[in-house]
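These notes are about the structure you will find just below.
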Amino acid sequence: MNILQALFCNQYDELVKTGRDGNKARKNGLILCAVCIVLNILTICCFFFWTTPTLTNYLDSASEYLEGKTIGKILFAAAFGVILLILRYSIGTEKHFNSLVSKFNELAEADQKAINCKAMIYCFGSIILFLLVVLSTLLI
């Protein structure tokens, strides 16, 4: 099971444990996967901006027309939308989700916990790594 599938299973498990509808985990999983992937892409972009002054100069020239905050919102919204659509029509289909959930439910409880742990490490790791990279670029 790959990490994106683990995120879907994690969302399903969390909802079912609290007595809520497990079908909502599909939407939650899509959003969580998209956010984590966008954060990973932005982390890589921060490294490129760090090492390539040409990209920084390009954004400086673009900031003459728009504020930096507006540019960031546009870039995030565009990346999030594209990735969400790709995920929605590839691994986020209802058929794929139902087969994934049935495989997850067949696993032993120890394996389910391992999958949940793997998903949480990836999710929080993406957030922490992004914050570390962004904060370190501010210090330089």
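Residue numbering restarts at 1 in every chain; chains get A, B, ... in the order shown in the structure tokens, and ligands count up from 1 in that same order.
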Test item: residues at most 12 Å from Asn105 of chain A, only C-alpha atoms, excluding those fewer than 6 positions along its chain, as a VMD selection string: chain A and resid 9 to 10 12 to 13 16 22 98 to 99 111 to 113 115
With C-alpha atoms retained, write the just-selected residues as a compact mmCIF listing (two decimals), in the first residue's frame.
```txt
# COMPACT_ATOMS: atom_id res chain seq x y z
CA CYS A 9 -7.24 4.45 4.90
CA ASN A 10 -6.22 6.68 7.79
CA TYR A 12 -11.53 6.10 6.85
CA ASP A 13 -10.28 4.58 10.10
CA VAL A 16 -15.27 4.89 11.54
CA GLY A 22 -16.75 6.25 6.46
CA ASN A 98 -14.31 0.99 -1.95
CA SER A 99 -11.77 -1.65 -2.97
CA ASP A 111 -1.21 -3.76 10.08
CA GLN A 112 -3.95 -1.15 10.18
CA LYS A 113 -2.12 0.71 12.94
CA ILE A 115 -0.67 2.03 7.90
```
Give me the residues near Leu32 of chain A as JSON, numbers by chain, where near means some atom within 8 Å (using only C-alpha atoms) and where sequence neighbours in that chain fewer than 3 positions away do not count. {"A": [7, 28, 29, 35, 36, 123]}
Per residue of segment 16-119 of chain A within 10 Å of segment 134-139 of chain A, which atom pair is closest and at what distance in Å (one decimal), using only C-alpha atoms, listed by chain and increasing number, as JSON lines?
```
{"residue": "A:Leu42", "atom": "CA", "partner": "A:Val134", "partner_atom": "CA", "distance": 9.3}
{"residue": "A:Thr43", "atom": "CA", "partner": "A:Val134", "partner_atom": "CA", "distance": 7.7}
{"residue": "A:Cys46", "atom": "CA", "partner": "A:Val134", "partner_atom": "CA", "distance": 7.0}
{"residue": "A:Phe47", "atom": "CA", "partner": "A:Thr137", "partner_atom": "CA", "distance": 8.8}
{"residue": "A:Phe49", "atom": "CA", "partner": "A:Thr137", "partner_atom": "CA", "distance": 9.1}
{"residue": "A:Trp50", "atom": "CA", "partner": "A:Thr137", "partner_atom": "CA", "distance": 7.1}
```
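Taking only C-alpha atoms, the non-local environment of segment 66-81 of chain A within 8 Å (same-chain residues fewer than 4 positions away omitted) comprises A:Ala34, A:Val35, A:Val38, A:Ala62, A:Leu85.
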Counting only C-alpha atoms, what is within 8 Å of Ser126 of chain A, bar same-chain residues fewer than 3 positions away, as a PyMOL selection string? chain A and resi 36+39-40+122-123+129-130
Only N, CA and C atoms, please: the residues just picked out, written as a compact mmCIF listing (two decimals), in the first residue's frame.
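Final output, saved to part-v6.txt:
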```
# COMPACT_ATOMS: atom_id res chain seq x y z
N CYS A 36 -0.83 17.61 0.99
CA CYS A 36 0.52 17.08 1.23
C CYS A 36 1.38 17.15 -0.03
N LEU A 39 2.34 20.77 -0.64
CA LEU A 39 3.40 21.16 0.30
C LEU A 39 4.75 20.59 -0.12
N ASN A 40 4.76 19.35 -0.61
CA ASN A 40 6.01 18.76 -1.09
C ASN A 40 6.54 19.52 -2.31
N TYR A 122 3.85 10.78 7.16
CA TYR A 122 3.95 11.49 5.89
C TYR A 122 3.26 12.85 5.96
N CYS A 123 2.07 12.88 6.54
CA CYS A 123 1.30 14.13 6.61
C CYS A 123 2.04 15.18 7.46
N LEU A 129 8.51 19.69 7.32
CA LEU A 129 9.59 19.96 6.36
C LEU A 129 9.34 21.26 5.62
N PHE A 130 8.11 21.50 5.21
CA PHE A 130 7.78 22.75 4.52
C PHE A 130 8.04 23.95 5.43
```
Mind checking DSSP for segment 10-95 of chain A and telling me the alpha helix (DSSP H) residues as a PyMOL selection string? chain A and resi 10-17+25-51+53-62+68-90+94-95
So that I have them on file, write out the residues from the current selection with C-alpha atoms, as a PDB file, in the first residue's frame.
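Printed below is part09.pdb as written:
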```
ATOM      1  CA  ASN A  10      -6.225   6.681   7.790  1.00  0.00           C
ATOM      2  CA  GLN A  11      -9.127   9.034   7.132  1.00  0.00           C
ATOM      3  CA  TYR A  12     -11.526   6.103   6.853  1.00  0.00           C
ATOM      4  CA  ASP A  13     -10.285   4.579  10.096  1.00  0.00           C
ATOM      5  CA  GLU A  14     -10.535   7.875  11.983  1.00  0.00           C
ATOM      6  CA  LEU A  15     -14.122   8.444  10.868  1.00  0.00           C
ATOM      7  CA  VAL A  16     -15.273   4.893  11.537  1.00  0.00           C
ATOM      8  CA  LYS A  17     -13.671   4.825  15.007  1.00  0.00           C
ATOM      9  CA  ALA A  25     -13.188   9.680   4.113  1.00  0.00           C
ATOM     10  CA  ARG A  26     -12.913   9.710   0.322  1.00  0.00           C
ATOM     11  CA  LYS A  27     -13.311  13.498   0.182  1.00  0.00           C
ATOM     12  CA  ASN A  28     -11.122  14.012   3.260  1.00  0.00           C
ATOM     13  CA  GLY A  29      -8.455  11.726   1.817  1.00  0.00           C
ATOM     14  CA  LEU A  30      -8.461  13.579  -1.505  1.00  0.00           C
ATOM     15  CA  ILE A  31      -8.028  16.928   0.199  1.00  0.00           C
ATOM     16  CA  LEU A  32      -5.321  15.626   2.538  1.00  0.00           C
ATOM     17  CA  CYS A  33      -3.400  13.987  -0.322  1.00  0.00           C
ATOM     18  CA  ALA A  34      -3.615  17.146  -2.429  1.00  0.00           C
ATOM     19  CA  VAL A  35      -2.426  19.366   0.435  1.00  0.00           C
ATOM     20  CA  CYS A  36       0.517  17.084   1.233  1.00  0.00           C
ATOM     21  CA  ILE A  37       1.564  16.884  -2.422  1.00  0.00           C
ATOM     22  CA  VAL A  38       1.307  20.665  -2.842  1.00  0.00           C
ATOM     23  CA  LEU A  39       3.396  21.159   0.300  1.00  0.00           C
ATOM     24  CA  ASN A  40       6.010  18.764  -1.092  1.00  0.00           C
ATOM     25  CA  ILE A  41       6.066  20.644  -4.405  1.00  0.00           C
ATOM     26  CA  LEU A  42       6.351  23.984  -2.611  1.00  0.00           C
ATOM     27  CA  THR A  43       9.197  22.633  -0.493  1.00  0.00           C
ATOM     28  CA  ILE A  44      11.069  21.632  -3.652  1.00  0.00           C
ATOM     29  CA  CYS A  45      10.315  25.044  -5.177  1.00  0.00           C
ATOM     30  CA  CYS A  46      11.747  26.744  -2.099  1.00  0.00           C
ATOM     31  CA  PHE A  47      14.971  24.796  -2.618  1.00  0.00           C
ATOM     32  CA  PHE A  48      15.060  25.927  -6.251  1.00  0.00           C
ATOM     33  CA  PHE A  49      14.464  29.551  -5.269  1.00  0.00           C
ATOM     34  CA  TRP A  50      17.200  29.193  -2.700  1.00  0.00           C
ATOM     35  CA  THR A  51      19.742  27.957  -5.228  1.00  0.00           C
ATOM     36  CA  PRO A  53      18.668  33.501  -8.433  1.00  0.00           C
ATOM     37  CA  THR A  54      16.989  33.604 -11.876  1.00  0.00           C
ATOM     38  CA  LEU A  55      13.742  32.282 -10.410  1.00  0.00           C
ATOM     39  CA  THR A  56      13.897  34.792  -7.576  1.00  0.00           C
ATOM     40  CA  ASN A  57      14.457  37.636 -10.038  1.00  0.00           C
ATOM     41  CA  TYR A  58      11.462  36.456 -12.085  1.00  0.00           C
ATOM     42  CA  LEU A  59       9.189  36.549  -9.056  1.00  0.00           C
ATOM     43  CA  ASP A  60      10.560  39.948  -8.074  1.00  0.00           C
ATOM     44  CA  SER A  61       9.553  41.295 -11.486  1.00  0.00           C
ATOM     45  CA  ALA A  62       6.110  39.667 -11.176  1.00  0.00           C
ATOM     46  CA  GLY A  68       3.516  38.571  -2.923  1.00  0.00           C
ATOM     47  CA  LYS A  69       0.572  37.326  -0.880  1.00  0.00           C
ATOM     48  CA  THR A  70      -1.670  37.374  -3.962  1.00  0.00           C
ATOM     49  CA  ILE A  71       0.926  35.522  -6.041  1.00  0.00           C
ATOM     50  CA  GLY A  72       1.180  32.871  -3.325  1.00  0.00           C
ATOM     51  CA  LYS A  73      -2.588  32.427  -3.169  1.00  0.00           C
ATOM     52  CA  ILE A  74      -2.840  32.105  -6.953  1.00  0.00           C
ATOM     53  CA  LEU A  75       0.012  29.594  -7.156  1.00  0.00           C
ATOM     54  CA  PHE A  76      -1.356  27.496  -4.291  1.00  0.00           C
ATOM     55  CA  ALA A  77      -4.918  27.536  -5.633  1.00  0.00           C
ATOM     56  CA  ALA A  78      -3.788  26.556  -9.123  1.00  0.00           C
ATOM     57  CA  ALA A  79      -1.505  23.769  -7.906  1.00  0.00           C
ATOM     58  CA  PHE A  80      -4.094  22.510  -5.422  1.00  0.00           C
ATOM     59  CA  GLY A  81      -6.855  22.483  -8.046  1.00  0.00           C
ATOM     60  CA  VAL A  82      -4.811  20.643 -10.647  1.00  0.00           C
ATOM     61  CA  ILE A  83      -3.536  18.036  -8.201  1.00  0.00           C
ATOM     62  CA  LEU A  84      -6.989  17.559  -6.682  1.00  0.00           C
ATOM     63  CA  LEU A  85      -8.468  16.902 -10.137  1.00  0.00           C
ATOM     64  CA  ILE A  86      -5.695  14.458 -11.016  1.00  0.00           C
ATOM     65  CA  LEU A  87      -6.167  12.593  -7.743  1.00  0.00           C
ATOM     66  CA  ARG A  88      -9.953  12.684  -8.054  1.00  0.00           C
ATOM     67  CA  TYR A  89      -9.944  10.917 -11.404  1.00  0.00           C
ATOM     68  CA  SER A  90      -7.031   8.551 -10.733  1.00  0.00           C
ATOM     69  CA  GLU A  94     -15.468   5.629  -5.689  1.00  0.00           C
ATOM     70  CA  LYS A  95     -14.673   2.181  -7.065  1.00  0.00           C
TER      71      LYS A  95
END
```
